[in-house]
There are 2 protein chains.
Amino acid sequence: MEDKSQKEHHKYAADIDSISKAQTLIRPYVNITPVLSSETLNLIAGKSLFFKCECFQKGGAFKFRGASNAIFSLNDEQAAKGVVTHSSGNHAAALALAAKLRGIPAYIVIPKNAPKCKVENVKRYGGQVIWSEANMQSREETANKGTLSLEFLDQVPHLDTLIVPISGGGLISGVAIGAKSINPAIRVLAAEPKGADDAAQSKASDKEIVEAMRYCYEVLKVAIEPSGAIGLAAVLSDSFKRNPASKDTRNIGIVLSGGNVDLGVLWESLNNR
Amino acid sequence: MEDKSQKEHHKYAADIDSISKAQTLIRPYVNITPVLSSETLNLIAGKSLFFKCECFQKGGAFKFRGASNAIFSLNDEQAAKGVVTHSSGNHAAALALAAKLRGIPAYIVIPKNAPKCKVENVKRYGGQVIWSEANMQSREETANKGTLSLEFLDQVPHLDTLIVPISGGGLISGVAIGAKSINPAIRVLAAEPKGADDAAQSKASDKEIVEAMRYCYEVLKVAIEPSGAIGLAAVLSDSFKRNPASKDTRNIGIVLSGGNVDLGVLWESLNNR
């Protein structure tokens, strides 16, 4: 008799083996993204900060890791049929781009309220857009996101803390499994905006995030979307500084998860502070 | 009897030995800046483009290479007296930062019309600002800028062409000497805006440059100043595409020379197209 709960567990779980396997499979397709740091921001935060720039990933966000794994794991027969997903954002563009690289069609179901620049990305990569009413999130495997932390700890081995935006779902779990398999003592913190909802992904809804975005643009010189700035906003927040646990953190890795933002939206956010 | 013209020549010349010496001296202080590329921009340009991101250099521009060499070449007695320069822009901030790292005072003469964000950088790095009326450029050694091309060709050895903004003076000569000493066949092209004047350094004055800035922000996710975008603008221009010499170029290195821009100035530029 089959133990269904076991099977379900297996289906969703990620471990270091599956992460390493994913890393090998996606290596020819993904960018190894640079890690940036800034003495100015270190002074402001009172910590050593290391920014993993997944906004420089193909498609402009970490989502391409999962999308390329999904596309290049298909056998030829499966691939020939094309792929379909529903996503309001970076996953849609990432899947369209990965499908284009393999030369297969991608059908992307997109809610009507999706950010314009993300829809443009889908079209640019040849994805076929199908509009929908609802805002549904597609489930993605967590193993792919673990590849991000393997790469990050290879670049900055002495990180004691990782801060990951909770948006998008799954990034934090994959990153945590990957990071802790290399350094079990590492602290993995999830950051989310105070007024967390889908809107926060394309429009800043929180003063601290807008300030963090401004630092990213003006000091780091990196263009990021609001959800990408949540990690820095968390480190600079009063609640983090007041938290006793923050005293044990010294070398903090921050994932800048994506950079797909309309300049118009950015400007509006910065001026509505 | 002294041959003065010889001496003058020696004083200004840079060769691969002086570039290598500069590279060794500045290595502990400068960032090795990443090289980015984008399939989208490759498609638009019809070439393979490689962007050397000196906007991620300390102080936000390539000028820190020269400034750190100048500061750390001083003996202790010279250094104790502090340093002085006059500059309207990135060199001022770079020298202030290098002086701060060595723990010596920097006095920076700045023209009253200098961009606000660059003056802020000087102050942030502890530079002591002295205002002036005239806009004078300080002379800098070319050897330091050659370190940029050594690093770039080490990262992307198969470059056949380098495009360098002519602004700032000296960058192009240093880069050319460094690059040609490694690959004598490499083509080094200078890019300058159509309405070239000092204002172009802080404010876009040219439609093609504004478009290139938008590509840098929205596609590369890199925040750059107008003068930093001139190389990309040149590659995408009709006059480059019509030039017979452009047919021989395939792998083009573009130096994004600096990223110090007020977001307000950027926005104004993008909307005045």
# chains A, B, ... in the order shown; residues from 1 in each chain; ligands from 1
call {"tool": "residues_around", "arguments": {"residues": "Leu256 in chain A", "least_positions_apart": "6", "cutoff": "12 Å", "atoms": "only C-alpha atoms", "output": "PyMOL selection string"}}
result
(chain A and resi 33-37+49-57+60-62+148+152+162-167+171+191+212-213+216+220+222-233) or (chain B and resi 221)
call {"tool": "residues_around", "arguments": {"residues": "range 120-123 of chain A", "least_positions_apart": "3", "cutoff": "6 Å", "atoms": "only C-alpha atoms", "output": "PyMOL selection string"}}
result
chain A and resi 93+96+117+126-127
call {"tool": "write_last_selection", "arguments": {"atoms": "all heavy atoms", "output": "CSV table (one decimal), in the first residue's frame"}}
result
chain,number,residue,atom,x,y,z
A,93,ALA,N,8.1,35.8,-17.2
A,93,ALA,CA,9.2,36.2,-18.1
A,93,ALA,C,10.3,35.1,-18.1
A,93,ALA,O,10.9,34.8,-19.2
A,93,ALA,CB,9.8,37.5,-17.7
A,96,ALA,N,9.2,32.1,-20.2
A,96,ALA,CA,9.2,32.4,-21.6
A,96,ALA,C,10.7,32.4,-22.1
A,96,ALA,O,10.9,31.9,-23.2
A,96,ALA,CB,8.6,33.8,-21.8
A,117,CYS,N,5.8,46.3,-17.3
A,117,CYS,CA,7.2,46.0,-17.8
A,117,CYS,C,7.4,44.5,-17.7
A,117,CYS,O,8.2,43.9,-18.5
A,117,CYS,CB,8.3,46.7,-16.9
A,117,CYS,SG,8.3,46.2,-15.2
A,126,GLY,N,9.1,36.1,-26.4
A,126,GLY,CA,8.4,35.3,-27.3
A,126,GLY,C,7.3,34.5,-26.6
A,126,GLY,O,6.7,33.6,-27.3
A,127,GLY,N,7.0,34.7,-25.4
A,127,GLY,CA,5.9,34.1,-24.7
A,127,GLY,C,4.6,34.5,-25.2
A,127,GLY,O,4.4,35.6,-25.6
call {"tool": "atom_distance", "arguments": {"atom1": "CA of Ile110 in chain A", "atom2": "CA of Trp131 in chain A"}}
result
5.0 Å
call {"tool": "select_by_dssp", "arguments": {"residues": "range 89-263 of chain A", "states": "helix (DSSP H, G or I)", "output": "JSON, numbers by chain"}}
result
{"A": [90, 91, 92, 93, 94, 95, 96, 97, 98, 99, 100, 101, 102, 116, 117, 118, 119, 120, 121, 122, 123, 124, 143, 144, 145, 146, 147, 148, 149, 150, 151, 152, 153, 154, 155, 171, 172, 173, 174, 175, 176, 177, 178, 179, 180, 181, 182, 198, 199, 200, 201, 207, 208, 209, 210, 211, 212, 213, 214, 215, 216, 217, 218, 219, 220, 226, 227, 228, 229, 230, 231, 232, 233, 234, 235, 236, 238, 239, 240, 241, 242, 244, 245, 246, 247, 248, 263]}
call {"tool": "atom_distance", "arguments": {"atom1": "CA of Ile71 in chain A", "atom2": "CA of Val83 in chain A"}}
result
8.0 Å
